[in-house]
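Structure first, commentary second.
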6 protein chains.
Amino acid sequence: MKSITTVVMVLLLTVFSNLLNAQTTNPEKQLRILIIGAHPDDPEKAGGTAAKFVNMGHKVRLVALTNGDAGHQTMGGGALARRRIAEAKKAGETIGAEYIVLENHDGELMPTLENRRKVIRLIREFKADLIIAPRPNDYHPDHRYTGILVQDAAYMVTVPNIVPEVPHLQKNPVFMYVNDRFQKPNPFEPVVVVAIDDVIEKKIDMYACHESQMFEWLPYNRGGLDEVPDTPAERRAWLAASRKPASAGIADKYRNKLIELYGKEKGSRVKYAEAFENSEYGSPLTEENIKTLFPFFD
Amino acid sequence: MKSITTVVMVLLLTVFSNLLNAQTTNPEKQLRILIIGAHPDDPEKAGGTAAKFVNMGHKVRLVALTNGDAGHQTMGGGALARRRIAEAKKAGETIGAEYIVLENHDGELMPTLENRRKVIRLIREFKADLIIAPRPNDYHPDHRYTGILVQDAAYMVTVPNIVPEVPHLQKNPVFMYVNDRFQKPNPFEPVVVVAIDDVIEKKIDMYACHESQMFEWLPYNRGGLDEVPDTPAERRAWLAASRKPASAGIADKYRNKLIELYGKEKGSRVKYAEAFENSEYGSPLTEENIKTLFPFFD
Amino acid sequence: MKSITTVVMVLLLTVFSNLLNAQTTNPEKQLRILIIGAHPDDPEKAGGTAAKFVNMGHKVRLVALTNGDAGHQTMGGGALARRRIAEAKKAGETIGAEYIVLENHDGELMPTLENRRKVIRLIREFKADLIIAPRPNDYHPDHRYTGILVQDAAYMVTVPNIVPEVPHLQKNPVFMYVNDRFQKPNPFEPVVVVAIDDVIEKKIDMYACHESQMFEWLPYNRGGLDEVPDTPAERRAWLAASRKPASAGIADKYRNKLIELYGKEKGSRVKYAEAFENSEYGSPLTEENIKTLFPFFD
Amino acid sequence: MKSITTVVMVLLLTVFSNLLNAQTTNPEKQLRILIIGAHPDDPEKAGGTAAKFVNMGHKVRLVALTNGDAGHQTMGGGALARRRIAEAKKAGETIGAEYIVLENHDGELMPTLENRRKVIRLIREFKADLIIAPRPNDYHPDHRYTGILVQDAAYMVTVPNIVPEVPHLQKNPVFMYVNDRFQKPNPFEPVVVVAIDDVIEKKIDMYACHESQMFEWLPYNRGGLDEVPDTPAERRAWLAASRKPASAGIADKYRNKLIELYGKEKGSRVKYAEAFENSEYGSPLTEENIKTLFPFFD
Amino acid sequence: MKSITTVVMVLLLTVFSNLLNAQTTNPEKQLRILIIGAHPDDPEKAGGTAAKFVNMGHKVRLVALTNGDAGHQTMGGGALARRRIAEAKKAGETIGAEYIVLENHDGELMPTLENRRKVIRLIREFKADLIIAPRPNDYHPDHRYTGILVQDAAYMVTVPNIVPEVPHLQKNPVFMYVNDRFQKPNPFEPVVVVAIDDVIEKKIDMYACHESQMFEWLPYNRGGLDEVPDTPAERRAWLAASRKPASAGIADKYRNKLIELYGKEKGSRVKYAEAFENSEYGSPLTEENIKTLFPFFD
Amino acid sequence: MKSITTVVMVLLLTVFSNLLNAQTTNPEKQLRILIIGAHPDDPEKAGGTAAKFVNMGHKVRLVALTNGDAGHQTMGGGALARRRIAEAKKAGETIGAEYIVLENHDGELMPTLENRRKVIRLIREFKADLIIAPRPNDYHPDHRYTGILVQDAAYMVTVPNIVPEVPHLQKNPVFMYVNDRFQKPNPFEPVVVVAIDDVIEKKIDMYACHESQMFEWLPYNRGGLDEVPDTPAERRAWLAASRKPASAGIADKYRNKLIELYGKEKGSRVKYAEAFENSEYGSPLTEENIKTLFPFFD
């Protein structure tokens, strides 16, 4: 009978922990944020913002549209995909978010109807209020086609006859693009810049979970494999040193926006930030819903 | 023998009515305008201009690349497609233009070679002088891919080995984009703005034919189904009230262009307008051909 | 606190009912049977066998690869798909089996890699011991391509690098084709014929759940819509009268096989049957595993 | 005014000639036969039967699914396609039948949904009672995929939600395969063999219209270009000598069937024949409808 | 200057070795045999016959249409593909034949036009007299689609406008299917059975080169990984023991054919054989060309 | 023995000529430039720069992704493709560069994974340091999709698991766009403008090799076929007169850039130029590598 007792205990624990959760967040105000990237580690671009949402009791789901089975110098195929999925899962747990990896070959993502339907399902099943995704211009074709697939899913999530098995959304959600550095055909123009100073270490922790990328593939790919330290602690520090400047650069580049949103004093002191542009194909970001959807600026 | 007599009468009538037509319009100057949209009701964006062309004796053909079989809250599939086709036919008849609906699932239009060939055939068989279509940026993926398909057909209509069954055009026609509100990657920039004050009611009449959209799907989709009036007369008035502002907004937004084209006095008084941008992939709109192709500015 | 108590009660009940289940069936011997068809109502071809498996405590899952959104004279699209899904669910409940409907347009099923991967996932996630599907020759293209998709998934379910997210099976399951009447290129040759006399009414009940097909589309399609009775009871009787002969015909056609499997006496008396041919692309049906996989012949 | 008079004359002639046609055939019994092949000249395999149908006042339409733009040693592309279309038109006129050529590259026909829809439209728009097409096994991939496309269109022509723009057929037509010599996976098995002695010269005439094939490509392809005579008369004779044996071979091979259908005396004397197998995916050929659909055996 | 000398020496050696080759075989009678399989190790099914051809001075090229990047329990992707390519190269060298591996994902081979064109190019560039490939029925979808791709390339290799960059063949080559055990829709029927007793060890040597398959994946896949010996010598023996029975089984199964081809005495003594069926889509195997194409039976 | 001597002589010559080559150009500094266009004659847009690279001892390869089998008023298919390939070869020889033509139908180039892989292979096998290609906006769809295919290949050339058969590049090469006149969505912005005064006649010579285009199709297509002179000399002069203004226009339009790069004096005098924009998806063009990759500005 031991196993029954255990099962009941676990179930009770689950019940109470859910109640506890329900107490800390008003369920009517709990936001649902879906962050979509091409590869495991891409949603992390908005990882600081994700961590802040979770800390406030909101629900965040991270999604990689490909399984990352190509980007590595020695591994590949299913073994690599399974390692990447495990790393992603761990990265999600770091901030308390679910991290889903779809089955598409890395380096082969195409803007097919089939993939569009998968994105529609993702958005609907999660009942997302806010979707964050890349713009359709970036150096990696998978990133660009992720941007196109999410654009192609926008609005269609409200049409009942499309993917009729999953109830449609009553309202087109707000779609945001996460910051990138590309200028053509048009540069990234943020309307929201989020200070992530309080969660920058969490963001680095998330990246650190992607060991096969941070300490293997990406250094190899840029010709710096021998710079990677050996011990976990050194690696964590080395990663932080190489990754923090990106978030710091965003804060500096969009300082005016930070000041506009946080006020002169707070905005001037922000060290690390993530920036977001409103997609024209989702619901517009207005003065009202910006406060609800990005509850960071009071 | 009654039926033979009837047939002959009908044939003679047809012959004389064609002669009559030939008298009202100089066939050498009759323009052929093809207006392409994604769904039944999309070509109506240029519906005022279409009505003006027809009124002057020119030939207009409206085309929807999809059959509209998805955009509805309760209907779907073939029944919806057939209803949409009937509505489109009626809308075309409102102004005396043919309205063609192709067999593509609504919400699934893709920029395939097969669809490109269909657009090439449409343009060639109609011997279009002027094609009007959406830009490849808009909120609905079907609109975007309509824009791309028309772009991909431009120039190719002049290549004899492409779709060799249908005689190629000797000259690339002029392709125009109809106005939209999207800013990324670049905003709409009209070179022609057409005053439609004299046909604004016709344009509303055309829209009113699309009952399954105007009074059912679109209000449902924006969460305002209960605002739709019950009687036909009230519906017509309600539709006019909600649709006219768009055409009025175009007139205001591009007032300078209207004044440039119509002169200070006329241009200032225009209440309703439609705007068009010249596509770089068709023949250029020049000072000469603009007068022929848009014979509205004297 | 009422809701917590209720939840705990429900959970405890679930636990005990699972325990109870475990008692009635030896979990090590519980078979997992996956029955795949093209449309909701197609898996019912093996519905009698399915009911028998469930009655013995085995686990059965029925799957339609398309959502049935085309086969109807007046409905179509999402509304029809949702109706079909509800009917399928009810049919499954009739015998205590799960009934899954995939999102593919009815009449448009193609043997794509994407669809093959879906079938691989279905088989793996269910950990199927036995798969039942149509042969790749039948009058409806969706049936034929269902046959091909299942063939193309066979063996691949054992390859870890294919669909690497879902653990592969250690052994290729047994794949069976369900009976059909087609002779070209080769006729159906059963190795197993299952007597379903004890569940024939259940099978009719399952079919009766597909109201939009049994009492609307199929009679319309064969030109006999006016023969459909009005009341549920009359309809049930009418359906039984028209459906039972098929199962009776199988028993007669393969009488020798029934006698071979059930013995002279039993086999001669069987009134209703379903027949199955072993696919060469799965694990072979042997004298040993036939007893385990079809535990009906003692 | 001359041209008006001419037009009226032509119209009157058309009317009377239609009346005349109506007299020779009872319109209620006029059959509609659609003969589908892969390339211009392939439908001619049933060209004798086609000529017999037309002679009896029935309506025949010949269709090539590809435009024949590849099979030639020196020409290619659009120029070849246009020549092939003209040859096909002339071949059709030889027997008084329409001959349609679709736009698909020769040598690239694939069993896509798009092509399947084209075949469905062909069958529905022609309201075919009888469709004749190749089996899906033959030496040329275009022939095989023509066979598959026609199979995939069978039955679907009765489903209203498929290609909803074109009214569906109330009944699945009869589909027949035309004779071929291939044995794997199963040999051709005729149920109907039609004596074409009275139209064998017409059949040769039809073939002779395909000059670019009969006198250029096919002789080149089999290494016998120098055997082709120079003058039209010699060519016609040479073609007859090389083509007639095929039809004679069918008569000999299926002599028993001829005797069964025509009686001992007539059947024994038949010199030239064409043979047809009933497809299991269309309506079955029964003792009743065989007399209506093949009104040759009294 | 050392390296120049070396290069010249190597070049001279190459020249003389080529001359030597030229002496042993009359170049006008040298056959060109192309053996196509789905994965590295599949062409080996005809490996004995391949070795015999090479030994007689004929030219053999082995081709795998996929790169084998999936079939392994721990490796995958590019690393596995590169290992497989190296193994194939070594296997080819074992008998003095080239072994080509195309870039298609293992487990994802589809019968696309693009892949068909690749097969056409392979056949033309090699100027194959004889092509050996699987039938389109086998347990692995890649095998089946290899069969279909080769069928779809047959005949098309003679059409100049198809793949116009590579000169077409003047004559359709002979296409043979290699033996398999599948019965549906029709069993394998050999017309040629080749005794390979003199090269059976070579054939085993070829297989032994595919270490990642013979000693890793295939034993794993059939649940017998622990039976694989440790040392190369033991492995070679173990492989021979498990592989020879297949070739022995062919000899026994088709003993009559062996006797027919080799005479009573020789044919009765054959221990190991490979069998081939003539494809109806290539040039027929006749009494004349069988002696030239299979010069083994004197 | 004559032939052996000859072969050895040729081999020795090859060896020494390679040595000689090695002396005239420092192999470590020999650049490898890959110029990709859609049709034979498109890479010529950078033909002057190509000629200058070759003259300095660098290696240039020109590639057309389609075989040009459609763009002609009377020819088509394989015959046209073969003519275009021969013209391209000759054009390449004019400047001492290889000119490769891929097998894709003219007018049907699509951004498929398969085509992307071909471009990746092209770049890797050539070990390109610098790739020049069109932007994804131009009047011809094949030009646009060439631009997209090259963008989609960028970076992926460094990922070992993509096209694993061909060794990946250690570093993403520099990708440049060649000048075009299109303004939407963003105008061409050169960072490098190369004076080609010294090779302008070579560039015209290259164009003149494409006889089927320069003197047949292009004049026909723009309605000026009767302006084409008859004799080769007149044609050459006529072509120069019509082609030089384009290169002259580039020099004028980007005069400031020429002065910036060549200095006031030289830059002001340049008559003919070609311009290049740096793609953001390749390695950036920096102050250092611009001197190496464009060694023209000292």
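By convention in this document, the chains of the structure tokens carry letters A, B, ... by their order, each chain's residues are numbered from 1, and ligands are numbered from 1 in the order they are shown.
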DSSP alpha helix (DSSP H) selection over region 171-229 of chain F, as a PyMOL selection string: chain F and resi 200-209+211-212+218-221
All strand (DSSP E) positions in region 156-287 of chain C, as a PyMOL selection string: chain C and resi 174-178+192-195+273-278
Take the residues from that selection and put them in a file with C-alpha atoms, as a CSV table (one decimal), in the first residue's frame.
chain,number,residue,atom,x,y,z
C,174,VAL,CA,2.4,-6.0,-35.7
C,175,PHE,CA,0.5,-4.1,-38.4
C,176,MET,CA,-2.7,-5.5,-39.8
C,177,TYR,CA,-4.9,-4.4,-42.7
C,178,VAL,CA,-8.7,-4.4,-42.1
C,192,VAL,CA,-7.2,-13.5,-38.8
C,193,VAL,CA,-11.0,-13.4,-38.8
C,194,VAL,CA,-12.6,-12.3,-35.5
C,195,ALA,CA,-16.2,-13.3,-34.6
C,273,ALA,CA,-17.0,-11.1,-38.4
C,274,GLU,CA,-14.1,-8.7,-39.1
C,275,ALA,CA,-11.1,-9.9,-41.0
C,276,PHE,CA,-7.4,-8.8,-40.9
C,277,GLU,CA,-4.4,-9.3,-43.1
C,278,ASN,CA,-0.9,-9.2,-41.8
Length of the CA of Arg255 (chain E) to CA of Ile131 (chain E) vector [Å]: 24.0 Å
Under the rule of at most 10 Å, produce a per-residue listing of chain E near chain C: chain, number, name, the closest pair of atoms, and the distance in Å, as a tab-separated table, using only C-alpha atoms.
residue	atom	partner	partner_atom	distance
E:Asp69	CA	C:Asn161	CA	8.4
E:Ala70	CA	C:Asn161	CA	5.1
E:Gly71	CA	C:Val159	CA	6.2
E:His72	CA	C:Asn161	CA	7.2
E:Gln73	CA	C:Pro160	CA	6.0
E:Thr74	CA	C:Pro160	CA	8.3
E:Met75	CA	C:Asn161	CA	8.5
E:Gly76	CA	C:Asn161	CA	6.6
E:Gly77	CA	C:Asn161	CA	8.5
E:Asp106	CA	C:Ile162	CA	8.9
E:Gly107	CA	C:Ile162	CA	7.2
E:Glu108	CA	C:Leu113	CA	6.8
E:Leu109	CA	C:Leu113	CA	8.9
E:Met110	CA	C:Leu113	CA	8.0
E:Asn137	CA	C:Tyr281	CA	9.2
E:Asp138	CA	C:Tyr281	CA	7.2
E:Tyr139	CA	C:Tyr281	CA	4.5
E:His140	CA	C:Tyr155	CA	6.7
E:Pro141	CA	C:Asp152	CA	5.3
E:Asp142	CA	C:Asp152	CA	8.8
E:Arg144	CA	C:Asp152	CA	9.2
E:Arg181	CA	C:Glu280	CA	9.4
E:Phe182	CA	C:Glu280	CA	6.9
E:Gln183	CA	C:Glu280	CA	8.0
E:Lys184	CA	C:Asn186	CA	7.4
E:Pro185	CA	C:Asn186	CA	5.6
E:Asn186	CA	C:Asn186	CA	7.7
E:Trp217	CA	C:Val159	CA	9.5
E:Tyr220	CA	C:Gln170	CA	9.1
E:Asn221	CA	C:Thr158	CA	7.2
E:Arg222	CA	C:Lys171	CA	7.4
E:Gly223	CA	C:Gln170	CA	7.5
Exercise: Glu103 (chain B) partners within 8 Å, only C-alpha atoms, chain neighbours under 6 positions left out, as a ChimeraX atom specification: /B:65-67 /D:163-165
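One distance worth recording is that between CA of Ile204 (chain D) and CA of Gly47 (chain D), which is 8.8 Å.
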For CA of Asn55 (chain D) and CA of Gly68 (chain D), the interatomic separation in Å (one decimal): 28.1 Å
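Compared by their closest atoms to Val101 (chain F), and using only C-alpha atoms, the residues E:Ala133, E:Thr231, E:Val166, E:Arg82 rank with E:Val166 nearest.
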For Arg236 (chain F): contacts at 12 Å, only C-alpha atoms, fewer than 6 positions along chain excluded, given as a PyMOL selection string: chain F and resi 201-211+214-215+228-230+242-244
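With distances restricted to only C-alpha atoms, C:Ala97 is the closest residue to Phe53 (chain C) from C:Gly78, C:Ala97, C:Asn256, C:Lys89.
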